[in-house]
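Enquirer: Would you mind keeping the following structure in view while I ask a few things?
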Amino acid sequence: MGAQPSASPRPAGPILLRTKLAPPPVRAGLIPRARLDGLLETGAKGRLCLVDAPAGSGKTTLLGQWWRADHGGRRVAWLSLDDGDDDPVRFWSYVVEAFRVVEPGLGEGPLTLLQGPGAADVLTQVILPELLNELATSESDLVLVLDDYHLVTNAVCHASLGFFVDHLPANVHLMVATRVDPPLALARLRASGELVELRIAELGFTSAEADRLLGEAMGLELTADQTQRLWERTEGWAAGLYLAGLSLRGRPDPGPFIASFEAGHRHVVDYLGAEVLARQPEPLRSFMVRTSVLQRLSGPLCDAVLETEGSAELLAELEQANLFLIALDDHRDWYRYHHLFAQLVYLELTGRDPDLVPLLHRRAAAWHQANGDVEAAVHHATAAGDYQRATDLVTRHWLAFARRGRVATVGRWLDGLPDAVVAAAPSVAVAKVWIGGYRGVPKQELERWLAAADAGDPGAPVPDWAASVSFEAAIARAQFTYDDVGAVLEGARGAVELAGPGPSEASWMATAALGRNLYLAGRPAEARAVLGRVSLDQLPTERQPFVAVNILGVVSLLAGEQGDHATAAALARQAMGVVKAGGVSFNPLNGIASIALAGALARQGELAEAEELLEQVLPLLDIESFQIQYAEALLALAEVRQGRGDGDGAQAAAEEARRLVAGFADPGMLTARLERAGRAAPPAGGRRTAPGPAGELTERELVVLRLLATTLSQREIAQELYVSVNTVRTHVQGVYRKLGVASREEAVAAARDHGLLPGGAGPG
């Protein structure tokens, strides 16, 4: 950053649960379903197999049985998803680890790249292409099973999975179990024959399967008519049949019970669930109801939550009785309730003893905190309304999670806290600023939380890197430039004053922020003076990578402007070395290092490498809170493209920067950079990819032109091409300029006149 605050020691990254990387262990009484195994085998040979049906349809059981079958050398990776996986970095970290279970050694590069707050922004540009390339080189036929995908709602997760599906190599196949259709290109896959679907019609038990389940598996002695009636009443629904079987245990005459309920899933759950609970011994029933607040269960955890002993034995008893408890590992240390049954018993708890709910959550939070599971501790503390514990946990741990790419997870923690709670905890309000900055939220929202931090208790607890609450707010104010260099420069000056004299983490951060912002303000002499106080060979690169990167990057740019190209290149490479060593390659705060290295490469004549580097960093900076740096990178790209003889590309980048700068409150040195770019701009003309009027259109512009002829919006075009909306706008403006038009309709008409689109008479 400037500098982002750093944690020490460096966090080890997100904790991955190995129990999620295999299906639940086999339980007794499963019915083989050969007809569905055949459909799954067919699906496992295509691009995507979708198992889409309501809760309780037997999706996990079916896929788990198939997973354990002999697949003729095919390797099947498994991932059980939960609410916490609604974070792009965590989601893809688990996906890579799932592949590594069956293909050890695969994915080390992508796992390294999945670290740093900016990783989610370059999934489709950098990380997934590398993963897909590694998968393509595997000599194995690989299948990835994603179970409970409906728990994922993050738009970045969906978009990146869509990219992954679209680019799967021939030896890799995807199977997705879900309750709702995922937002993937299902219609296109269906039309191309690349989608196999198993829905409720296929998953429903046949009459013969129902007879085997109730008779052979559950040991019930029913007549053919009684089995048929149950099958009709439950409509072949797996959970309904199983609940009915549990309710029938021990009844001397099943006839009246079978005749007592109507069809329909909701009624079956309400009625049969209540029946099953009512028939359990009170100690067992009470145990199930009170532990329903837990997402995962173990003996020690349940003992702590219930303030009792012997929970491990009760869990074993529940599993043996097949009461919807699923073991998560072969050692039977961890379990979970079937999702449908968990909802049922939780409703029983909230209806019977609502005042007990927060107390149980509070005990669960304390146990998870003591056992190092921060995510679960925050979840239960928030659910309990124990906001003191929740804010303490967030204050201590948000930075470690954010630095390892878990920005979405921290954002979810913060979103779960009431605004009044956040405003009363200054360090949490500052965390809200940092996460909001990474998300690119409007500047007004960040100012609101900065004001809350300023107004908070000056003696409130702060992380070990902060000199005070006021310093936290000042250094946060100095980082996210938005459209106003003057504002961040003022924040940096305040941070320097608050950091105090003498070397410290706070003073390092403030110095780096001030030097960077003086450079952006167009005050190179002052920037040199400030950063000249820093001994470059003593930079705390391990503890403060962002400080080191920004100081090295700015000093490199200043050296380049003075004509000291050798020093500029050496410092830029040193900055990029810190980025890679720190595992923060895709943090937008490191954009200055990429810009500096691109400039050094360009001066050495390595223009192609410089252009590639800038095109990689642009998506990272293309958020509202980094618009100054985004425009700076565009102008650097314009200069590089001009050097390569790509006049059109140079002009497009410069025009996009000019459009942005025109709306900035204080663009700092960008005004002078724009003037320089305008004086140096050559006549249009560069790469040619088509004859005639399209001769000046690049390949990417031709692709965008064809999409302009559809009904897609520019945002939808960006999603289709996996680029930012600003990138699409740049291409669109290039198309308009080269075709001599001013609107989308005119561009389409002109393209058709010249045969560039269907409907024209030109060369095409």
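Chain labels run A, B, ... following the order of the structure tokens; each chain numbers its residues from 1, and ligands are numbered from 1 in the order shown.
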Neighbouring residues of A:Gly299 were defined as those with any atom within 10 Å, considering only C-alpha atoms; residues of the same chain fewer than 2 positions away were excluded. Please report them as a ChimeraX atom specification.

Expert: /A:297,301-304,309-316,332-335

Enquirer: Include N, CA and C atoms and write out the residues we just selected as a PDB file, in the first residue's frame.

Expert:
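Dumped everything to out-v1.pdb:
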```
ATOM      1  N   LEU A 297     -21.278 -32.549  14.174  1.00  0.00           N
ATOM      2  CA  LEU A 297     -21.378 -33.030  15.549  1.00  0.00           C
ATOM      3  C   LEU A 297     -20.237 -33.988  15.861  1.00  0.00           C
ATOM      4  N   LEU A 301     -17.812 -32.059  21.257  1.00  0.00           N
ATOM      5  CA  LEU A 301     -18.571 -30.841  20.989  1.00  0.00           C
ATOM      6  C   LEU A 301     -19.972 -30.934  21.601  1.00  0.00           C
ATOM      7  N   CYS A 302     -20.646 -32.062  21.402  1.00  0.00           N
ATOM      8  CA  CYS A 302     -21.990 -32.222  21.963  1.00  0.00           C
ATOM      9  C   CYS A 302     -21.951 -32.214  23.491  1.00  0.00           C
ATOM     10  N   ASP A 303     -20.938 -32.823  24.069  1.00  0.00           N
ATOM     11  CA  ASP A 303     -20.803 -32.779  25.529  1.00  0.00           C
ATOM     12  C   ASP A 303     -20.714 -31.334  26.020  1.00  0.00           C
ATOM     13  N   ALA A 304     -19.926 -30.522  25.319  1.00  0.00           N
ATOM     14  CA  ALA A 304     -19.745 -29.131  25.738  1.00  0.00           C
ATOM     15  C   ALA A 304     -21.030 -28.330  25.563  1.00  0.00           C
ATOM     16  N   GLU A 309     -22.111 -35.678  29.545  1.00  0.00           N
ATOM     17  CA  GLU A 309     -21.113 -36.647  29.115  1.00  0.00           C
ATOM     18  C   GLU A 309     -21.809 -37.784  28.370  1.00  0.00           C
ATOM     19  N   GLY A 310     -21.041 -38.531  27.592  1.00  0.00           N
ATOM     20  CA  GLY A 310     -21.592 -39.687  26.907  1.00  0.00           C
ATOM     21  C   GLY A 310     -22.197 -39.403  25.548  1.00  0.00           C
ATOM     22  N   SER A 311     -21.943 -38.223  24.990  1.00  0.00           N
ATOM     23  CA  SER A 311     -22.537 -37.886  23.692  1.00  0.00           C
ATOM     24  C   SER A 311     -22.027 -38.786  22.577  1.00  0.00           C
ATOM     25  N   ALA A 312     -20.778 -39.210  22.650  1.00  0.00           N
ATOM     26  CA  ALA A 312     -20.236 -40.073  21.601  1.00  0.00           C
ATOM     27  C   ALA A 312     -21.036 -41.372  21.506  1.00  0.00           C
ATOM     28  N   GLU A 313     -21.436 -41.915  22.655  1.00  0.00           N
ATOM     29  CA  GLU A 313     -22.227 -43.141  22.640  1.00  0.00           C
ATOM     30  C   GLU A 313     -23.612 -42.900  22.045  1.00  0.00           C
ATOM     31  N   LEU A 314     -24.211 -41.749  22.336  1.00  0.00           N
ATOM     32  CA  LEU A 314     -25.524 -41.430  21.776  1.00  0.00           C
ATOM     33  C   LEU A 314     -25.445 -41.250  20.262  1.00  0.00           C
ATOM     34  N   LEU A 315     -24.375 -40.634  19.795  1.00  0.00           N
ATOM     35  CA  LEU A 315     -24.202 -40.474  18.352  1.00  0.00           C
ATOM     36  C   LEU A 315     -24.090 -41.837  17.676  1.00  0.00           C
ATOM     37  N   ALA A 316     -23.336 -42.732  18.280  1.00  0.00           N
ATOM     38  CA  ALA A 316     -23.212 -44.079  17.715  1.00  0.00           C
ATOM     39  C   ALA A 316     -24.561 -44.784  17.713  1.00  0.00           C
ATOM     40  N   ARG A 332     -15.770 -42.432  12.608  1.00  0.00           N
ATOM     41  CA  ARG A 332     -16.992 -42.038  13.317  1.00  0.00           C
ATOM     42  C   ARG A 332     -16.694 -41.003  14.398  1.00  0.00           C
ATOM     43  N   ASP A 333     -15.802 -40.069  14.090  1.00  0.00           N
ATOM     44  CA  ASP A 333     -15.546 -38.961  15.014  1.00  0.00           C
ATOM     45  C   ASP A 333     -16.507 -37.804  14.771  1.00  0.00           C
ATOM     46  N   TRP A 334     -16.851 -37.573  13.493  1.00  0.00           N
ATOM     47  CA  TRP A 334     -17.708 -36.443  13.134  1.00  0.00           C
ATOM     48  C   TRP A 334     -18.927 -36.927  12.358  1.00  0.00           C
ATOM     49  N   TYR A 335     -20.051 -36.258  12.606  1.00  0.00           N
ATOM     50  CA  TYR A 335     -21.312 -36.597  11.969  1.00  0.00           C
ATOM     51  C   TYR A 335     -22.029 -35.303  11.547  1.00  0.00           C
TER      52      TYR A 335
END
```

Enquirer: Env of stretch 649-653 of chain A: 6 Å cut, atoms = only C-alpha atoms, seq-sep filter 3 positions within chain, self excluded. Answer as a PDB file with C-alpha atoms, in the first residue's frame.

Expert:
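Written file, out36.pdb:
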```pdb
ATOM      1  CA  LEU A 634      -4.414   1.881 -19.117  1.00  0.00           C
ATOM      2  CA  ALA A 638      -1.303   2.681 -24.381  1.00  0.00           C
ATOM      3  CA  ARG A 641       0.975  -0.746 -27.589  1.00  0.00           C
ATOM      4  CA  GLN A 642       2.176   2.358 -29.346  1.00  0.00           C
ATOM      5  CA  ASP A 646      -0.563  -1.074 -32.462  1.00  0.00           C
ATOM      6  CA  GLU A 656     -10.753   4.633 -21.976  1.00  0.00           C
ATOM      7  CA  GLY A 734     -12.830   0.931 -30.833  1.00  0.00           C
TER       8      GLY A 734
END
```

Enquirer: Extract the full set of helix (DSSP H, G or I) residues from stretch 466-594 of chain A according to DSSP on the backbone, and format it as an MDAnalysis selection string.

Expert: chainID A and resid 469:477 485:499 505:520 524:531 536:538 545:561 565:581 588:594

Enquirer: Write the selection just made, keeping C-alpha atoms, as a tab-separated table (two decimals), in the first residue's frame?

Expert:
```
chain	number	residue	atom	x	y	z
A	469	VAL	CA	-7.85	3.28	16.55
A	470	SER	CA	-7.22	6.66	14.93
A	471	PHE	CA	-4.23	5.25	13.08
A	472	GLU	CA	-6.32	2.31	11.84
A	473	ALA	CA	-8.83	4.72	10.33
A	474	ALA	CA	-6.15	6.98	8.85
A	475	ILE	CA	-4.18	4.18	7.16
A	476	ALA	CA	-7.40	2.72	5.78
A	477	ARG	CA	-8.33	6.15	4.44
A	485	VAL	CA	-5.75	11.39	-5.07
A	486	GLY	CA	-5.97	14.41	-2.75
A	487	ALA	CA	-8.13	12.51	-0.25
A	488	VAL	CA	-5.79	9.54	0.07
A	489	LEU	CA	-2.79	11.86	0.30
A	490	GLU	CA	-4.43	13.61	3.24
A	491	GLY	CA	-5.12	10.24	4.86
A	492	ALA	CA	-1.49	9.22	4.46
A	493	ARG	CA	-0.22	12.44	6.06
A	494	GLY	CA	-2.53	11.80	9.00
A	495	ALA	CA	-1.27	8.23	9.32
A	496	VAL	CA	2.35	9.43	9.44
A	497	GLU	CA	1.52	11.78	12.30
A	498	LEU	CA	-0.38	9.10	14.22
A	499	ALA	CA	2.25	6.39	13.69
A	505	GLU	CA	4.93	-1.51	11.67
A	506	ALA	CA	2.72	1.54	11.80
A	507	SER	CA	5.50	3.90	10.64
A	508	TRP	CA	6.49	1.54	7.80
A	509	MET	CA	2.91	1.42	6.57
A	510	ALA	CA	2.40	5.16	6.82
A	511	THR	CA	5.67	5.93	5.01
A	512	ALA	CA	4.82	3.58	2.16
A	513	ALA	CA	1.32	5.05	1.82
A	514	LEU	CA	2.61	8.62	1.83
A	515	GLY	CA	5.31	7.90	-0.77
A	516	ARG	CA	2.86	6.17	-3.09
A	517	ASN	CA	0.25	8.90	-2.81
A	518	LEU	CA	2.80	11.69	-3.37
A	519	TYR	CA	3.82	9.88	-6.55
A	520	LEU	CA	0.18	9.63	-7.67
A	524	PRO	CA	8.00	13.08	-7.47
A	525	ALA	CA	10.54	15.16	-5.54
A	526	GLU	CA	8.54	14.90	-2.32
A	527	ALA	CA	7.97	11.17	-2.89
A	528	ARG	CA	11.73	10.66	-3.29
A	529	ALA	CA	12.40	12.58	-0.09
A	530	VAL	CA	9.90	10.54	1.93
A	531	LEU	CA	10.99	7.17	0.58
A	536	LEU	CA	15.75	-0.73	0.93
A	537	ASP	CA	17.94	-3.58	2.13
A	538	GLN	CA	16.10	-3.56	5.47
A	545	PRO	CA	5.03	-7.57	1.94
A	546	PHE	CA	2.63	-4.82	0.84
A	547	VAL	CA	4.82	-2.12	2.36
A	548	ALA	CA	7.90	-3.49	0.61
A	549	VAL	CA	6.14	-3.92	-2.74
A	550	ASN	CA	4.79	-0.39	-2.79
A	551	ILE	CA	8.04	1.25	-1.71
A	552	LEU	CA	10.04	-0.73	-4.28
A	553	GLY	CA	7.44	-0.10	-6.97
A	554	VAL	CA	7.31	3.65	-6.45
A	555	VAL	CA	11.10	4.01	-6.21
A	556	SER	CA	11.36	1.98	-9.44
A	557	LEU	CA	8.94	4.31	-11.24
A	558	LEU	CA	10.81	7.37	-9.95
A	559	ALA	CA	14.13	5.93	-11.13
A	560	GLY	CA	12.66	5.27	-14.56
A	561	GLU	CA	11.43	8.84	-14.86
A	565	HIS	CA	16.66	2.36	-16.28
A	566	ALA	CA	18.95	-0.27	-14.77
A	567	THR	CA	17.96	0.66	-11.22
A	568	ALA	CA	14.29	0.89	-12.21
A	569	ALA	CA	14.36	-2.62	-13.67
A	570	ALA	CA	16.19	-4.10	-10.69
A	571	LEU	CA	13.78	-2.57	-8.18
A	572	ALA	CA	10.69	-3.61	-10.18
A	573	ARG	CA	11.90	-7.20	-10.35
A	574	GLN	CA	12.64	-7.12	-6.63
A	575	ALA	CA	9.09	-5.88	-5.98
A	576	MET	CA	7.59	-8.68	-8.07
A	577	GLY	CA	9.80	-11.17	-6.24
A	578	VAL	CA	8.29	-10.01	-2.95
A	579	VAL	CA	4.80	-10.39	-4.45
A	580	LYS	CA	5.43	-13.98	-5.46
A	581	ALA	CA	7.27	-14.95	-2.28
A	588	PRO	CA	-4.86	-5.04	-6.31
A	589	LEU	CA	-2.69	-3.13	-3.85
A	590	ASN	CA	0.29	-4.68	-5.63
A	591	GLY	CA	-0.71	-3.26	-9.02
A	592	ILE	CA	2.02	-0.65	-8.81
A	593	ALA	CA	4.67	-3.41	-8.98
A	594	SER	CA	3.22	-4.72	-12.25
```

Enquirer: Grab the atom CA of A:Leu294 to atom CA of A:Ala364 distance for me, in Å with one decimal place.

Expert: 7.7 Å

Enquirer: Quick one, how far is atom CA of A:His368 from atom CA of A:Thr391?

Expert: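 According to the coordinates, atom CA of A:His368 and atom CA of A:Thr391 are separated by 15.3 Å.
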
Enquirer: List the spatial neighbours of A:Val172 as a PyMOL selection string - criterion: any atom at most 10 Å away, only C-alpha atoms, same-chain residues fewer than 4 positions off excluded.

Expert: chain A and resi 44-48+74-76+132+135-136+138+140-144+165+167-168

Enquirer: Taking C-alpha atoms for each residue, export the selection above as a tab-separated table (two decimals), in the first residue's frame.

Expert:
```tsv
chain	number	residue	atom	x	y	z
A	44	ALA	CA	-19.68	-39.49	-16.15
A	45	LYS	CA	-18.54	-39.78	-19.76
A	46	GLY	CA	-19.97	-36.42	-20.82
A	47	ARG	CA	-19.11	-32.84	-19.94
A	48	LEU	CA	-21.74	-32.35	-17.21
A	74	ARG	CA	-11.56	-43.72	-13.98
A	75	ARG	CA	-10.65	-41.62	-10.93
A	76	VAL	CA	-13.53	-39.93	-9.11
A	132	LEU	CA	-7.34	-26.80	-16.67
A	135	LEU	CA	-5.84	-31.48	-15.80
A	136	ALA	CA	-5.46	-31.81	-19.56
A	138	SER	CA	-3.18	-35.95	-16.74
A	140	SER	CA	-6.19	-40.32	-16.07
A	141	ASP	CA	-9.87	-39.99	-16.87
A	142	LEU	CA	-11.09	-37.76	-14.03
A	143	VAL	CA	-14.57	-37.11	-12.66
A	144	LEU	CA	-15.35	-34.37	-10.11
A	165	VAL	CA	-17.32	-26.39	-17.56
A	167	HIS	CA	-13.22	-25.36	-21.02
A	168	LEU	CA	-13.07	-28.86	-19.55
```

Enquirer: Could you check the closest approach to A:Phe324 for each of A:Thr308, A:Gln228, A:Gln343, A:Thr19 and tell me which residue wins, using only C-alpha atoms?

Expert: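 Of the candidates, the smallest distance to A:Phe324 is held by A:Gln343.
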
Enquirer: If you count only C-alpha atoms, which residues fall within 12 Å of A:Leu414, apart from same-chain ones fewer than 4 positions away, as a PyMOL selection string?

Expert: chain A and resi 378-379+382+387+390-391+393-395+398+407-410+418-423+425+427-436+449

Enquirer: Produce a file of the selected residues containing C-alpha atoms, as an mmCIF file, in the first residue's frame.

Expert:
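part12.cif was written with the following content:
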```
data_model
loop_
_atom_site.group_PDB
_atom_site.id
_atom_site.type_symbol
_atom_site.label_atom_id
_atom_site.label_comp_id
_atom_site.auth_asym_id
_atom_site.auth_seq_id
_atom_site.Cartn_x
_atom_site.Cartn_y
_atom_site.Cartn_z
ATOM 1 C CA VAL A 378 -17.925 -16.686 14.456
ATOM 2 C CA HIS A 379 -21.013 -18.407 13.036
ATOM 3 C CA THR A 382 -23.317 -14.346 15.734
ATOM 4 C CA TYR A 387 -21.580 -9.880 19.568
ATOM 5 C CA ALA A 390 -18.003 -12.221 17.472
ATOM 6 C CA THR A 391 -16.345 -8.809 17.187
ATOM 7 C CA LEU A 393 -12.901 -12.915 16.821
ATOM 8 C CA VAL A 394 -13.307 -10.723 13.741
ATOM 9 C CA THR A 395 -10.827 -8.149 15.081
ATOM 10 C CA TRP A 398 -10.144 -10.991 9.670
ATOM 11 C CA VAL A 407 -12.425 -11.855 1.451
ATOM 12 C CA ALA A 408 -15.908 -13.262 0.786
ATOM 13 C CA THR A 409 -15.807 -15.184 4.086
ATOM 14 C CA VAL A 410 -14.831 -12.076 6.068
ATOM 15 C CA PRO A 418 -25.856 -5.487 12.884
ATOM 16 C CA ASP A 419 -24.660 -2.066 11.778
ATOM 17 C CA ALA A 420 -24.875 -0.772 15.325
ATOM 18 C CA VAL A 421 -22.545 -3.537 16.519
ATOM 19 C CA VAL A 422 -20.007 -2.763 13.793
ATOM 20 C CA ALA A 423 -20.167 0.976 14.515
ATOM 21 C CA ALA A 425 -16.342 -1.710 17.477
ATOM 22 C CA SER A 427 -11.512 -2.148 14.537
ATOM 23 C CA VAL A 428 -14.443 -4.035 13.028
ATOM 24 C CA ALA A 429 -15.582 -0.843 11.296
ATOM 25 C CA VAL A 430 -12.075 -0.546 9.849
ATOM 26 C CA ALA A 431 -12.291 -4.178 8.685
ATOM 27 C CA LYS A 432 -15.542 -3.196 6.974
ATOM 28 C CA VAL A 433 -13.594 -0.470 5.159
ATOM 29 C CA TRP A 434 -10.869 -2.857 3.970
ATOM 30 C CA ILE A 435 -13.282 -5.545 2.795
ATOM 31 C CA GLY A 436 -15.511 -2.918 1.190
ATOM 32 C CA TRP A 449 -17.577 3.250 8.341
#
```

Enquirer: Interatomic distance between atom CA of A:Ser80 and atom CA of A:Ala98?

Expert: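 That distance, rounded to one decimal, is 9.7 Å.
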
Enquirer: Taking the backbone alone, and naming residues the way the document does, which bits of stretch 302-418 of chain A are strand (DSSP E) by DSSP, as an mmCIF file with N, CA and C atoms, in the first residue's frame?

Expert:
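Below you can see states_25.cif, which holds the result:
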```cif
data_model
loop_
_atom_site.group_PDB
_atom_site.id
_atom_site.type_symbol
_atom_site.label_atom_id
_atom_site.label_comp_id
_atom_site.auth_asym_id
_atom_site.auth_seq_id
_atom_site.Cartn_x
_atom_site.Cartn_y
_atom_site.Cartn_z
ATOM 1 N N LEU A 325 -28.687 -39.688 10.837
ATOM 2 C CA LEU A 325 -27.376 -39.182 11.226
ATOM 3 C C LEU A 325 -26.350 -39.783 10.271
ATOM 4 N N ILE A 326 -25.530 -38.912 9.682
ATOM 5 C CA ILE A 326 -24.584 -39.341 8.650
ATOM 6 C C ILE A 326 -23.164 -39.186 9.179
ATOM 7 N N ALA A 327 -22.411 -40.273 9.179
ATOM 8 C CA ALA A 327 -20.997 -40.203 9.581
ATOM 9 C C ALA A 327 -20.199 -39.485 8.500
ATOM 10 N N TYR A 335 -20.051 -36.258 12.606
ATOM 11 C CA TYR A 335 -21.312 -36.597 11.969
ATOM 12 C C TYR A 335 -22.029 -35.303 11.547
ATOM 13 N N ARG A 336 -23.090 -35.477 10.783
ATOM 14 C CA ARG A 336 -24.057 -34.399 10.567
ATOM 15 C C ARG A 336 -25.422 -35.046 10.396
ATOM 16 N N TYR A 337 -26.462 -34.273 10.693
ATOM 17 C CA TYR A 337 -27.805 -34.743 10.418
ATOM 18 C C TYR A 337 -28.105 -34.570 8.931
#
```

Enquirer: Identify, on the basis of only C-alpha atoms, every residue whose closest approach to stretch 202-212 of chain A does not exceed 8 Å; exclude the query and any residue fewer than 6 positions from it along the same chain; express the result as a VMD selection string.

Expert: chain A and resid 31 33 36 53 57 to 59 224 227 to 228 231 235 to 238 241

Enquirer: Select, from A:Ala654, A:Val735, A:Leu637, A:Leu360, the residue with the minimum atom-to-atom distance to A:Ala608, counting only C-alpha atoms.

Expert: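 Nearest to A:Ala608: A:Leu637.
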
Enquirer: For a quick check of understanding, using only C-alpha atoms, which of A:Pro88, A:Pro54, A:Pro354, A:Gly43 has the smallest distance to A:Ala201?

Expert: A:Pro54
